Amino acid sequence: MATITIDIISKLFRSRAYPEGLLSLDNIRFGVADREFVCLVGPSGCGKSTVLNLIGGLDRNYTGRIEIDSRPLSHDGSHPVRVGYVFQEPRLLPWLTVRKNIYFALESIGVPHSEWRQRTETWLEKVGLAGFGDSHPHELSGGMQQRSAIARAFAVDPEILLMDEPFSGLDELTARSMRQQILELWDTTRKTVLFVTHNSFEASYLADRILVMSPRPGRLRQEMKVELPRPRNYESSQLFEFSVQVTRLLTHGGNGM
Ligand SMILES: Nc1ncnc2c1ncn2[C@@H]1O[C@H](COP(=O)(O)OP(=O)(O)OP(=O)(O)O)[C@@H](O)[C@H]1O
Ligand SMILES: [Mg+2]
């Protein structure tokens, strides 16, 4: 069981340029049900990564309340359940090989040493990186680094997956195969997923529900249930038409929530 309840009243960023604070998020309230796949879409700068950072416990400076499984996030940002985070950029440790980057994550959550190798090789293979475990991040392309980060997130077997535009730097062919992988995994293991993208088509292909954000200060503009049957097909005209509606909301706004 892994639900997320978000009630962010406001999130301000104070900086030299904005000593009074820049309002980044304004009244963001939504829930993600157990095993639900929710996509958060919105224009650049609207606060999507900020929302994920708050849920991930990486930033605790906000007004409001975030609960996982009906328990508020603790002061140290630790979670009652395992949370996997794929950031907008790979964030691998540059001095460790890809394999050791994954081992590091497994060690930090207490996975027995005897399981590290198999879990790591399984996921490297699934993301198309079998044979690259001994490479250092700088020896890989940007897309390969991002796939390593995805393998790391999955290897920890999280109950909640937070993904921040994980495929936006990949070529479309690889992105399609990764989307399929994610859906297969979600189908078999039923994680709770919150996935950020600014790609309406990707959101329509993946999600049970899409939340559309307004430009900064980020507010929830609209919620759309994606009732297209699964498995979804890239060539389907229904999928295309749905994604056009999402794009329309993104660009022209909606009735508000
Ligand atoms: N560390 C920070 N300090 C000051 N302002 C910040 C900081 N991080 C984000 N912001 C501001 O908060 C707003 C939201 O940023 P955020 O990174 O969440 O946007 P985003 O929706 O993820 O955009 P993108 O699609 O480009 O990744 C932006 O206006 C940005 O300028
Ligand atoms: Mg972002």
# chains A, B, ... in the order shown; residues from 1 in each chain; ligands from 1
>>> select_by_dssp(residues="region 140-181 of chain A", states="alpha helix (DSSP H)", output="PyMOL selection string")
chain A and resi 142-155+172-181
>>> residues_around(residues="Trp95 (chain A)", least_positions_apart="6", cutoff="12 Å", atoms="only C-alpha atoms", output="MDAnalysis selection string")
chainID A and resid 101 104 134:139
>>> write_last_selection(atoms="N, CA and C atoms", output="compact mmCIF listing (two decimals), in the first residue's frame")
# COMPACT_ATOMS: atom_id res chain seq x y z
N ASN A 101 27.40 2.44 -8.66
CA ASN A 101 26.37 3.43 -8.36
C ASN A 101 25.10 2.71 -7.88
N PHE A 104 25.63 1.17 -4.46
CA PHE A 104 25.58 2.21 -3.43
C PHE A 104 24.14 2.45 -2.97
N ASP A 134 30.75 -1.87 -15.80
CA ASP A 134 32.08 -1.43 -15.35
C ASP A 134 32.46 -0.05 -15.89
N SER A 135 31.56 0.56 -16.66
CA SER A 135 31.88 1.89 -17.20
C SER A 135 31.61 2.96 -16.15
N HIS A 136 32.38 4.03 -16.26
CA HIS A 136 32.10 5.19 -15.42
C HIS A 136 31.11 6.10 -16.17
N PRO A 137 30.34 6.90 -15.44
CA PRO A 137 29.32 7.73 -16.10
C PRO A 137 29.88 8.54 -17.28
N HIS A 138 31.09 9.11 -17.14
CA HIS A 138 31.59 9.96 -18.23
C HIS A 138 31.91 9.17 -19.50
N GLU A 139 31.94 7.84 -19.37
CA GLU A 139 32.20 7.01 -20.55
C GLU A 139 30.90 6.66 -21.30
>>> residues_around(residues="region 236-246 of chain A", least_positions_apart="4", cutoff="7 Å", atoms="only C-alpha atoms", output="ChimeraX atom specification")
/A:200-201,204-205,250
>>> residues_near_ligand(ligand="ligand 2", cutoff="10 Å", atoms="only C-alpha atoms and all ligand atoms", output="list in words")
Gly42, Pro43, Ser44, Gly45, Cys46, Gly47, Lys48, Ser49, Thr50, Val51, Leu52, Asn53, Phe87, Gln88, Glu89, Asp164, Glu165, Val196, Thr197 and His198 of chain A
>>> residues_around(residues="Arg219 (chain A)", least_positions_apart="5", cutoff="7 Å", atoms="only C-alpha atoms", output="list in words")
Leu25, Asp26, Asn27, Ile28, Met213 and Ser214 of chain A
